[in-house]
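Everything below belongs to run29.tsv, which stores TSV, C-alpha atoms.
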chain	number	residue	atom	x	y	z
A	1	ASP	CA	49.21	131.62	14.95
A	2	GLN	CA	52.01	129.11	15.13
A	3	GLN	CA	53.68	128.91	11.75
A	4	VAL	CA	56.05	126.11	12.70
A	5	LYS	CA	54.73	123.14	14.67
A	6	GLN	CA	56.34	120.15	16.26
A	7	ASN	CA	53.37	118.08	17.30
A	8	SER	CA	55.24	115.49	19.32
A	9	PRO	CA	56.48	116.97	22.61
A	10	SER	CA	58.58	113.89	23.31
A	11	LEU	CA	60.06	110.82	21.69
A	12	SER	CA	61.81	107.82	23.22
A	13	VAL	CA	63.93	105.40	21.20
A	14	GLN	CA	66.39	102.63	21.89
A	15	GLU	CA	70.10	103.15	21.31
A	16	GLY	CA	71.09	102.08	17.81
A	17	ARG	CA	67.63	102.55	16.36
A	18	ILE	CA	66.38	105.38	14.16
A	19	SER	CA	64.95	108.58	15.64
A	20	ILE	CA	62.50	110.50	13.47
A	21	LEU	CA	61.51	113.98	14.52
A	22	ASN	CA	58.79	115.78	12.61
A	23	CYS	CA	57.96	119.38	11.89
A	24	ASP	CA	55.12	121.02	9.98
A	25	TYR	CA	54.86	124.57	8.73
A	26	THR	CA	52.11	126.72	7.33
A	27	ASN	CA	53.90	129.52	5.48
A	28	SER	CA	54.76	128.43	1.95
A	29	MET	CA	57.17	131.38	1.69
A	30	PHE	CA	59.66	129.78	4.07
A	31	ASP	CA	62.70	128.87	2.02
A	32	TYR	CA	65.30	127.75	4.53
A	33	PHE	CA	64.92	125.28	7.36
A	34	LEU	CA	67.21	124.33	10.20
A	35	TRP	CA	67.36	121.85	13.04
A	36	TYR	CA	68.92	122.73	16.36
A	37	LYS	CA	69.68	120.61	19.40
A	38	LYS	CA	69.42	122.15	22.84
A	39	TYR	CA	70.43	121.17	26.34
A	40	PRO	CA	68.90	122.95	29.36
A	41	ALA	CA	70.39	126.35	30.17
A	42	GLU	CA	72.47	126.32	26.97
A	43	GLY	CA	72.05	127.92	23.60
A	44	PRO	CA	70.80	125.85	20.67
A	45	THR	CA	73.48	124.02	18.71
A	46	PHE	CA	73.11	123.91	14.93
A	47	LEU	CA	72.69	120.41	13.49
A	48	ILE	CA	71.69	120.55	9.88
A	49	SER	CA	69.83	122.74	7.42
A	50	ILE	CA	68.06	122.46	4.10
A	51	SER	CA	67.14	124.93	1.42
A	52	SER	CA	63.70	124.79	-0.13
A	53	ILE	CA	65.26	123.91	-3.49
A	54	LYS	CA	66.32	120.54	-2.09
A	55	ASP	CA	64.34	117.64	-0.67
A	56	LYS	CA	67.12	115.95	1.27
A	57	ASN	CA	70.33	116.88	3.03
A	58	GLU	CA	72.62	114.49	4.83
A	59	ASP	CA	75.41	115.04	7.33
A	60	GLY	CA	76.80	111.97	9.02
A	61	ARG	CA	74.13	110.38	11.18
A	62	PHE	CA	71.70	113.24	10.51
A	63	THR	CA	69.42	113.52	7.48
A	64	VAL	CA	66.75	116.12	6.93
A	65	PHE	CA	63.91	115.53	4.47
A	66	LEU	CA	61.72	118.29	3.09
A	67	ASN	CA	58.31	117.71	1.52
A	68	LYS	CA	57.20	121.11	0.25
A	69	SER	CA	53.83	119.98	-1.03
A	70	ALA	CA	52.96	118.68	2.45
A	71	LYS	CA	54.77	121.54	4.18
A	72	HIS	CA	56.57	118.96	6.26
A	73	LEU	CA	60.13	118.27	7.24
A	74	SER	CA	61.69	115.54	9.29
A	75	LEU	CA	65.02	114.85	10.93
A	76	HIS	CA	66.34	111.29	10.93
A	77	ILE	CA	69.09	110.26	13.31
A	78	VAL	CA	70.68	106.90	12.53
A	79	PRO	CA	71.92	105.24	14.64
A	80	SER	CA	70.64	107.03	17.74
A	81	GLN	CA	73.05	107.40	20.62
A	82	PRO	CA	72.43	108.27	24.30
A	83	GLY	CA	74.31	111.54	23.77
A	84	ASP	CA	71.60	112.56	21.31
A	85	SER	CA	69.16	112.95	24.20
A	86	ALA	CA	68.16	116.62	24.14
A	87	VAL	CA	65.43	118.96	22.94
A	88	TYR	CA	65.30	119.33	19.16
A	89	PHE	CA	63.92	122.44	17.52
A	90	CYS	CA	63.08	122.95	13.90
A	91	ALA	CA	63.23	126.50	12.61
A	92	ALA	CA	62.21	128.21	9.41
A	93	SER	CA	63.41	131.34	7.72
A	94	LEU	CA	62.22	133.67	5.02
A	95	GLY	CA	65.78	133.61	3.79
A	96	SER	CA	65.11	135.35	0.54
A	97	SER	CA	64.02	138.41	2.48
A	98	ASN	CA	67.57	138.53	3.79
A	99	THR	CA	66.72	138.99	7.43
A	100	GLY	CA	68.01	137.09	10.41
A	101	LYS	CA	64.63	136.01	11.74
A	102	LEU	CA	63.98	132.38	12.57
A	103	ILE	CA	60.57	131.00	13.48
A	104	PHE	CA	60.91	128.06	15.85
A	105	GLY	CA	58.72	125.11	16.63
A	106	GLN	CA	57.97	124.24	20.25
A	107	GLY	CA	60.57	121.51	20.38
A	108	THR	CA	60.61	117.73	20.77
A	109	THR	CA	62.42	116.12	23.69
A	110	LEU	CA	64.31	113.07	22.48
A	111	GLN	CA	65.36	110.39	24.93
A	112	VAL	CA	67.68	107.68	23.68
A	113	LYS	CA	67.77	104.72	26.05
A	114	PRO	CA	70.95	102.64	26.36
B	1	LYS	CA	87.23	130.81	15.90
B	2	ALA	CA	85.53	131.85	19.13
B	3	GLY	CA	81.80	131.32	19.32
B	4	VAL	CA	79.06	133.74	20.25
B	5	THR	CA	79.52	135.07	23.77
B	6	GLN	CA	76.90	136.58	26.02
B	7	THR	CA	77.26	138.44	29.28
B	8	PRO	CA	76.21	138.18	31.97
B	9	ARG	CA	75.19	134.52	32.11
B	10	TYR	CA	72.81	134.99	35.01
B	11	LEU	CA	70.97	138.01	36.32
B	12	ILE	CA	68.44	138.68	39.05
B	13	LYS	CA	66.42	141.87	38.96
B	14	THR	CA	63.27	143.19	40.60
B	15	ARG	CA	60.12	144.45	38.95
B	16	GLY	CA	60.41	147.96	37.56
B	17	GLN	CA	64.17	147.83	37.08
B	18	GLN	CA	65.88	147.84	33.74
B	19	VAL	CA	68.52	145.47	32.39
B	20	THR	CA	71.12	145.46	29.63
B	21	LEU	CA	72.40	142.25	28.08
B	22	SER	CA	75.44	142.01	25.84
B	23	CYS	CA	76.28	139.79	22.88
B	24	SER	CA	79.54	139.45	20.96
B	25	PRO	CA	79.07	137.67	17.64
B	26	ILE	CA	81.45	135.33	15.88
B	27	SER	CA	84.26	137.30	14.30
B	28	GLY	CA	83.22	138.50	10.84
B	29	HIS	CA	79.51	138.03	11.47
B	30	ARG	CA	77.50	141.19	10.94
B	31	SER	CA	73.98	140.01	11.69
B	32	VAL	CA	72.90	139.59	15.31
B	33	SER	CA	69.46	138.34	16.27
B	34	TRP	CA	67.93	138.14	19.74
B	35	TYR	CA	65.45	135.55	20.98
B	36	GLN	CA	63.52	134.99	24.19
B	37	GLN	CA	62.91	131.47	25.44
B	38	THR	CA	60.21	130.77	28.01
B	39	PRO	CA	58.54	127.47	28.94
B	40	GLY	CA	55.15	128.66	27.73
B	41	GLN	CA	56.06	130.49	24.52
B	42	GLY	CA	59.15	128.64	23.36
B	43	LEU	CA	61.79	130.48	21.36
B	44	GLN	CA	60.52	133.80	20.06
B	45	PHE	CA	62.29	136.29	17.84
B	46	LEU	CA	62.88	139.70	19.39
B	47	PHE	CA	64.83	141.66	16.77
B	48	GLU	CA	67.76	141.56	14.40
B	49	TYR	CA	70.54	144.04	13.81
B	50	PHE	CA	72.73	144.34	10.76
B	51	SER	CA	75.32	147.04	10.18
B	52	GLU	CA	74.15	148.93	13.26
B	53	THR	CA	70.54	149.07	11.99
B	54	GLN	CA	67.52	147.20	13.25
B	55	ARG	CA	66.42	145.21	10.23
B	56	ASN	CA	63.56	143.20	11.67
B	57	LYS	CA	61.48	143.20	14.82
B	58	GLY	CA	59.27	140.64	16.52
B	59	ASN	CA	56.03	141.17	18.40
B	60	PHE	CA	57.38	142.48	21.67
B	61	PRO	CA	56.48	145.71	23.47
B	62	GLY	CA	58.61	148.82	23.19
B	63	ARG	CA	60.17	148.05	26.58
B	64	PHE	CA	62.45	145.72	24.63
B	65	SER	CA	65.06	147.55	22.63
B	66	GLY	CA	68.51	146.95	21.27
B	67	ARG	CA	71.41	148.38	19.42
B	68	GLN	CA	74.47	147.28	17.52
B	69	PHE	CA	77.90	148.82	17.53
B	70	SER	CA	80.33	149.28	14.67
B	71	ASN	CA	82.23	146.13	15.73
B	72	SER	CA	78.94	144.17	15.43
B	73	ARG	CA	78.61	143.66	19.17
B	74	SER	CA	75.03	144.07	20.26
B	75	GLU	CA	73.15	144.94	23.41
B	76	MET	CA	69.54	144.52	24.29
B	77	ASN	CA	67.75	146.49	26.96
B	78	VAL	CA	64.55	145.75	28.82
B	79	SER	CA	63.04	148.62	30.76
B	80	THR	CA	60.42	148.49	33.51
B	81	LEU	CA	60.89	144.78	34.06
B	82	GLU	CA	57.86	142.58	34.64
B	83	LEU	CA	57.71	139.13	36.22
B	84	GLY	CA	56.87	137.69	32.79
B	85	ASP	CA	60.20	138.89	31.42
B	86	SER	CA	61.92	136.09	33.31
B	87	ALA	CA	63.42	133.99	30.54
B	88	LEU	CA	66.54	132.77	28.79
B	89	TYR	CA	67.66	135.46	26.36
B	90	LEU	CA	69.64	134.13	23.43
B	91	CYS	CA	71.55	135.91	20.76
B	92	ALA	CA	72.62	134.41	17.48
B	93	SER	CA	74.96	135.63	14.78
B	94	SER	CA	75.40	134.98	11.09
B	95	LEU	CA	77.43	136.55	8.33
B	96	VAL	CA	74.69	138.67	6.76
B	97	GLY	CA	71.43	136.92	7.70
B	98	GLY	CA	69.01	135.37	5.25
B	99	LEU	CA	69.80	131.94	3.80
B	100	GLU	CA	72.43	131.24	6.40
B	101	THR	CA	72.89	129.32	9.59
B	102	GLN	CA	72.59	131.29	12.79
B	103	TYR	CA	74.93	130.31	15.60
B	104	PHE	CA	73.72	130.81	19.13
B	105	GLY	CA	75.42	131.93	22.28
B	106	PRO	CA	74.88	130.24	25.65
B	107	GLY	CA	72.22	132.74	26.69
B	108	THR	CA	71.58	135.02	29.65
B	109	ARG	CA	69.19	133.67	32.27
B	110	LEU	CA	67.15	136.58	33.64
B	111	LEU	CA	65.04	136.18	36.75
B	112	VAL	CA	62.69	139.01	37.68
B	113	LEU	CA	61.45	138.99	41.28

Output the structure of this file as C-alpha coordinates.
Amino acid sequence: DQQVKQNSPSLSVQEGRISILNCDYTNSMFDYFLWYKKYPAEGPTFLISISSIKDKNEDGRFTVFLNKSAKHLSLHIVPSQPGDSAVYFCAASLGSSNTGKLIFGQGTTLQVKP
Amino acid sequence: KAGVTQTPRYLIKTRGQQVTLSCSPISGHRSVSWYQQTPGQGLQFLFEYFSETQRNKGNFPGRFSGRQFSNSRSEMNVSTLELGDSALYLCASSLVGGLETQYFGPGTRLLVL
(Lines of atoms letter the chains of each structure in order from A and count residues from 1; the text may use other names and numbers.)
(Lines give C-alpha, C1' and ligand atoms only; values in the text may rest on other atoms or scores of the structure.)
Protein backbone atom coordinates (compact mmCIF):
# COMPACT_ATOMS: atom_id res chain seq x y z
CA ASP A 1 0.00 0.00 0.00
CA GLN A 2 1.78 3.09 -1.23
CA GLN A 3 0.71 6.02 0.88
CA VAL A 4 2.64 8.61 -1.12
CA LYS A 5 2.53 8.49 -4.91
CA GLN A 6 4.30 10.37 -7.63
CA ASN A 7 2.50 9.21 -10.73
CA SER A 8 4.81 10.79 -13.26
CA PRO A 9 8.14 8.93 -13.43
CA SER A 10 9.66 11.64 -15.60
CA LEU A 11 9.18 15.21 -16.75
CA SER A 12 11.02 17.21 -19.39
CA VAL A 13 10.84 21.00 -19.62
CA GLN A 14 12.66 23.76 -21.43
CA GLU A 15 15.06 26.03 -19.57
CA GLY A 16 13.28 29.13 -18.29
CA ARG A 17 9.87 27.51 -18.23
CA ILE A 18 7.93 26.27 -15.21
CA SER A 19 8.37 22.73 -13.87
CA ILE A 20 5.43 21.27 -11.97
CA LEU A 21 5.95 18.07 -10.04
CA ASN A 22 2.97 16.37 -8.46
CA CYS A 23 2.44 14.14 -5.47
CA ASP A 24 -0.65 12.46 -4.04
CA TYR A 25 -1.11 10.90 -0.64
CA THR A 26 -3.72 8.70 0.95
CA ASN A 27 -3.22 9.14 4.70
CA SER A 28 -5.11 12.19 5.94
CA MET A 29 -3.08 12.08 9.16
CA PHE A 30 0.08 13.27 7.41
CA ASP A 31 0.79 16.76 8.69
CA TYR A 32 4.18 17.66 7.29
CA PHE A 33 5.41 17.36 3.73
CA LEU A 34 8.83 17.80 2.20
CA TRP A 35 10.44 17.83 -1.21
CA TYR A 36 13.93 16.50 -1.76
CA LYS A 37 16.19 16.58 -4.80
CA LYS A 38 18.53 13.70 -5.44
CA TYR A 39 21.45 13.02 -7.74
CA PRO A 40 22.62 9.43 -8.37
CA ALA A 41 24.77 7.93 -5.62
CA GLU A 42 24.16 10.92 -3.34
CA GLY A 43 21.85 11.52 -0.44
CA PRO A 44 18.66 13.53 -0.94
CA THR A 45 19.03 17.29 -0.55
CA PHE A 46 16.22 19.13 1.21
CA LEU A 47 14.41 21.70 -0.96
CA ILE A 48 11.30 22.93 0.73
CA SER A 49 8.64 21.81 3.19
CA ILE A 50 5.10 22.67 4.15
CA SER A 51 3.02 22.09 7.23
CA SER A 52 -0.55 20.90 6.87
CA ILE A 53 -1.78 24.16 8.39
CA LYS A 54 -0.61 26.03 5.31
CA ASP A 55 -1.54 25.76 1.65
CA LYS A 56 1.51 27.41 0.15
CA ASN A 57 5.17 27.89 0.96
CA GLU A 58 7.67 29.73 -1.18
CA ASP A 59 11.46 29.78 -1.19
CA GLY A 60 13.12 31.53 -4.09
CA ARG A 61 12.36 29.67 -7.30
CA PHE A 62 10.59 26.86 -5.41
CA THR A 63 6.95 26.93 -4.32
CA VAL A 64 5.04 24.07 -2.78
CA PHE A 65 1.24 23.99 -2.83
CA LEU A 66 -0.85 21.76 -0.60
CA ASN A 67 -4.47 20.85 -1.28
CA LYS A 68 -5.60 18.87 1.74
CA SER A 69 -9.08 18.15 0.47
CA ALA A 70 -7.60 16.53 -2.63
CA LYS A 71 -4.69 15.04 -0.70
CA HIS A 72 -2.39 16.53 -3.30
CA LEU A 73 0.76 18.60 -3.26
CA SER A 74 2.83 20.06 -6.02
CA LEU A 75 6.25 21.62 -6.40
CA HIS A 76 6.66 24.51 -8.83
CA ILE A 77 10.09 25.53 -10.05
CA VAL A 78 10.21 28.87 -11.83
CA PRO A 79 12.26 29.48 -13.88
CA SER A 80 13.68 26.00 -14.46
CA GLN A 81 17.42 25.72 -14.92
CA PRO A 82 19.54 22.87 -16.33
CA GLY A 83 21.07 22.39 -12.88
CA ASP A 84 17.61 21.45 -11.61
CA SER A 85 17.82 18.19 -13.56
CA ALA A 86 17.62 15.46 -10.91
CA VAL A 87 15.19 13.06 -9.26
CA TYR A 88 12.64 14.79 -7.04
CA PHE A 89 11.02 12.99 -4.13
CA CYS A 90 8.07 14.11 -2.10
CA ALA A 91 7.87 12.82 1.44
CA ALA A 92 5.26 12.90 4.16
CA SER A 93 5.49 12.71 7.90
CA LEU A 94 3.18 12.06 10.80
CA GLY A 95 4.95 14.92 12.49
CA SER A 96 2.56 15.22 15.36
CA SER A 97 3.54 11.74 16.46
CA ASN A 98 7.02 13.14 16.96
CA THR A 99 8.89 10.41 15.17
CA GLY A 100 11.54 10.72 12.50
CA LYS A 101 9.78 8.58 9.91
CA LEU A 102 9.31 9.86 6.38
CA ILE A 103 7.21 8.10 3.76
CA PHE A 104 8.58 8.76 0.29
CA GLY A 105 7.05 8.73 -3.14
CA GLN A 106 8.77 6.85 -5.95
CA GLY A 107 10.34 9.97 -7.39
CA THR A 108 10.05 11.99 -10.59
CA THR A 109 13.05 12.49 -12.84
CA LEU A 110 13.15 16.07 -14.06
CA GLN A 111 15.14 16.97 -17.15
CA VAL A 112 15.58 20.64 -17.94
CA LYS A 113 16.77 21.16 -21.50
CA PRO A 114 18.97 24.16 -22.35
CA LYS B 1 28.23 23.22 10.53
CA ALA B 2 29.30 19.86 9.16
CA GLY B 3 26.63 17.78 7.50
CA VAL B 4 25.63 14.20 8.10
CA THR B 5 28.51 11.82 7.46
CA GLN B 6 28.34 8.14 6.68
CA THR B 7 31.07 5.54 6.58
CA PRO B 8 32.05 3.61 4.65
CA ARG B 9 30.83 5.05 1.35
CA TYR B 10 31.10 1.77 -0.52
CA LEU B 11 31.10 -1.82 0.64
CA ILE B 12 31.18 -5.21 -1.03
CA LYS B 13 30.14 -8.27 0.94
CA THR B 14 29.14 -11.84 0.17
CA ARG B 15 25.94 -13.62 1.07
CA GLY B 16 25.77 -14.75 4.67
CA GLN B 17 28.17 -12.13 5.97
CA GLN B 18 27.20 -9.29 8.25
CA VAL B 19 27.86 -5.58 7.87
CA THR B 20 27.90 -2.51 10.10
CA LEU B 21 27.31 0.97 8.75
CA SER B 22 27.99 4.17 10.66
CA CYS B 23 26.29 7.55 10.69
CA SER B 24 27.34 10.78 12.42
CA PRO B 25 24.50 13.29 12.59
CA ILE B 26 24.71 17.06 12.37
CA SER B 27 26.00 18.47 15.63
CA GLY B 28 23.13 18.97 18.07
CA HIS B 29 20.77 16.64 16.22
CA ARG B 30 19.44 13.85 18.41
CA SER B 31 17.18 11.98 15.99
CA VAL B 32 18.75 9.64 13.44
CA SER B 33 16.69 7.76 10.88
CA TRP B 34 17.85 5.09 8.45
CA TYR B 35 16.47 4.42 4.98
CA GLN B 36 17.12 1.86 2.27
CA GLN B 37 16.96 2.88 -1.37
CA THR B 38 16.60 0.27 -4.10
CA PRO B 39 15.49 0.68 -7.73
CA GLY B 40 12.39 -1.45 -7.19
CA GLN B 41 11.20 -0.25 -3.78
CA GLY B 42 12.39 3.34 -3.70
CA LEU B 43 13.26 4.95 -0.38
CA GLN B 44 12.00 2.92 2.55
CA PHE B 45 12.19 3.73 6.24
CA LEU B 46 14.18 1.27 8.32
CA PHE B 47 14.16 2.72 11.84
CA GLU B 48 14.70 5.83 13.90
CA TYR B 49 16.72 6.39 17.03
CA PHE B 50 16.33 9.19 19.54
CA SER B 51 18.25 9.50 22.79
CA GLU B 52 19.74 6.03 22.33
CA THR B 53 16.29 4.42 21.99
CA GLN B 54 14.63 3.00 18.92
CA ARG B 55 11.51 5.10 18.57
CA ASN B 56 10.07 3.76 15.34
CA LYS B 57 10.65 0.81 13.06
CA GLY B 58 9.78 0.05 9.45
CA ASN B 59 8.76 -3.25 7.90
CA PHE B 60 12.12 -4.93 7.65
CA PRO B 61 13.16 -8.33 9.02
CA GLY B 62 15.01 -8.70 12.30
CA ARG B 63 18.29 -9.09 10.39
CA PHE B 64 18.29 -5.31 10.26
CA SER B 65 19.15 -3.71 13.55
CA GLY B 66 20.66 -0.53 14.84
CA ARG B 67 21.76 1.40 17.84
CA GLN B 68 22.56 4.93 18.89
CA PHE B 69 25.30 6.12 21.17
CA SER B 70 25.24 8.86 23.77
CA ASN B 71 26.85 11.30 21.29
CA SER B 72 23.94 10.60 18.87
CA ARG B 73 26.12 8.70 16.42
CA SER B 74 24.30 5.69 15.08
CA GLU B 75 25.16 2.35 13.55
CA MET B 76 23.05 -0.09 11.65
CA ASN B 77 23.83 -3.75 11.28
CA VAL B 78 22.62 -6.27 8.75
CA SER B 79 23.26 -9.90 9.55
CA THR B 80 23.16 -12.90 7.22
CA LEU B 81 23.30 -10.74 4.11
CA GLU B 82 21.13 -11.61 1.13
CA LEU B 83 21.54 -10.53 -2.49
CA GLY B 84 18.42 -8.37 -2.11
CA ASP B 85 20.12 -6.31 0.58
CA SER B 86 22.20 -4.62 -2.11
CA ALA B 87 21.12 -1.00 -1.87
CA LEU B 88 22.04 2.55 -0.97
CA TYR B 89 21.66 2.97 2.78
CA LEU B 90 20.94 6.51 3.86
CA CYS B 91 20.82 8.06 7.25
CA ALA B 92 19.18 11.34 8.09
CA SER B 93 19.28 13.50 11.19
CA SER B 94 17.05 16.11 12.73
CA LEU B 95 16.93 17.91 16.04
CA VAL B 96 14.21 15.83 17.71
CA GLY B 97 12.19 14.36 14.83
CA GLY B 98 8.55 15.09 14.12
CA LEU B 99 7.63 18.36 12.39
CA GLU B 100 11.17 18.98 11.28
CA THR B 101 13.33 18.69 8.24
CA GLN B 102 15.56 15.65 8.04
CA TYR B 103 18.98 16.15 6.52
CA PHE B 104 20.53 13.24 4.70
CA GLY B 105 24.04 11.94 4.48
CA PRO B 106 25.64 10.81 1.21
CA GLY B 107 24.78 7.16 1.84
CA THR B 108 26.64 3.86 1.92
CA ARG B 109 26.43 1.79 -1.25
CA LEU B 110 26.31 -1.89 -0.28
CA LEU B 111 26.78 -4.60 -2.86
CA VAL B 112 26.13 -8.18 -1.82
CA LEU B 113 27.62 -10.86 -4.09

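Using only C-alpha atoms, one finds that the residues of chain A close to chain B, at 8 Å or less, are Asp31, Tyr32, Leu34, Ala41, Glu42, Gly43, Pro44, Thr45, Phe46, Ser49, Ser51, Ser93, Leu94, Gly95, Ser96, Ser97, Asn98, Thr99, Gly100, Lys101, Leu102, Ile103, Phe104, Gly105, Gln106 and Gly107 of chain A.
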
Query raised in the report: Can you find the residues with an atom no farther than 9 Å from (66.5, 113.4, 3.1), counting all atoms listed in the file, and report them as a list in words?
Result: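 Answer for this query, in the requested form: Lys54, Asp55, Lys56, Asn57, Glu58, Thr63, Val64, Phe65, Leu66, Ser74, Leu75 and His76 of chain A.
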
Write a file of the just-selected residues containing C-alpha atoms, as a short mmCIF file (atom, residue, chain, number, x, y, z; two decimals), in the coordinates of the input.
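out26.cif was written with the following content:
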data_model
loop_
_atom_site.label_atom_id
_atom_site.label_comp_id
_atom_site.auth_asym_id
_atom_site.auth_seq_id
_atom_site.Cartn_x
_atom_site.Cartn_y
_atom_site.Cartn_z
CA LYS A 54 66.32 120.54 -2.09
CA ASP A 55 64.34 117.64 -0.67
CA LYS A 56 67.12 115.95 1.27
CA ASN A 57 70.33 116.88 3.03
CA GLU A 58 72.62 114.49 4.83
CA THR A 63 69.42 113.52 7.48
CA VAL A 64 66.75 116.12 6.93
CA PHE A 65 63.91 115.53 4.47
CA LEU A 66 61.72 118.29 3.09
CA SER A 74 61.69 115.54 9.29
CA LEU A 75 65.02 114.85 10.93
CA HIS A 76 66.34 111.29 10.93
#

Report summary line: Expressed in Å, the length from CA of Tyr10 in chain B to CA of Pro82 in chain A is 28.8 Å

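The gap separating CA of Asn7 in chain A from CA of Tyr39 in chain A is 19.6 Å, in Å to one decimal.
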
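Shortest separation to Ser74 in chain B among B:Pro8, B:Gly3, B:Gly62, B:Pro25 occurs at residue B:Pro25, atoms counted being only C-alpha atoms.
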
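Interatomic distance, CA of Arg73 in chain B against CA of Leu11 in chain B: 19.6 Å.
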
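Each of A:Asn67, A:Thr109, A:Pro114, A:Ala86 was compared to Lys38 in chain A using only C-alpha atoms, and A:Ala86 turns out to be the nearest.
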
Query raised in the report: Which of these residues is nearest to Cys23 in chain B, using all atoms listed in the file: B:Ser72, B:Ser65, B:Ser51, B:Asn59?
Result: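 Checking each candidate against Cys23 in chain B, we get B:Ser72 as the closest.
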
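Comparing the minimum interatomic distances between Ala91 in chain A and each of A:Val4, A:Pro40, A:Thr26, A:Pro9, counting all atoms listed in the file, we find that A:Val4 sits nearest.
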
Report task. With all atoms listed in the file counted, which protein, DNA or RNA residues have an atom no more than 7 Å from (78.9, 144.1, 27.0) in the file frame? Please answer as an MDAnalysis selection string. Result -> chainID B and resid 7 21:23 75

Let's have the selection written as a CSV table (one decimal), in the coordinates of the input, with C-alpha atoms.
chain,number,residue,atom,x,y,z
B,7,THR,CA,77.3,138.4,29.3
B,21,LEU,CA,72.4,142.2,28.1
B,22,SER,CA,75.4,142.0,25.8
B,23,CYS,CA,76.3,139.8,22.9
B,75,GLU,CA,73.2,144.9,23.4

Nearby residues (all atoms listed in the file) at most 9 Å from Leu81 in chain B, same-chain spacing under 3 positions excluded, as a short mmCIF file (atom, residue, chain, number, x, y, z; two decimals) with C-alpha atoms, in the coordinates of the input:
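Output saved as out02.cif:
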data_model
loop_
_atom_site.label_atom_id
_atom_site.label_comp_id
_atom_site.auth_asym_id
_atom_site.auth_seq_id
_atom_site.Cartn_x
_atom_site.Cartn_y
_atom_site.Cartn_z
CA LYS B 13 66.42 141.87 38.96
CA THR B 14 63.27 143.19 40.60
CA ARG B 15 60.12 144.45 38.95
CA GLY B 16 60.41 147.96 37.56
CA GLN B 17 64.17 147.83 37.08
CA GLN B 18 65.88 147.84 33.74
CA VAL B 19 68.52 145.47 32.39
CA ARG B 63 60.17 148.05 26.58
CA VAL B 78 64.55 145.75 28.82
CA GLY B 84 56.87 137.69 32.79
CA ASP B 85 60.20 138.89 31.42
CA SER B 86 61.92 136.09 33.31
CA VAL B 112 62.69 139.01 37.68
#
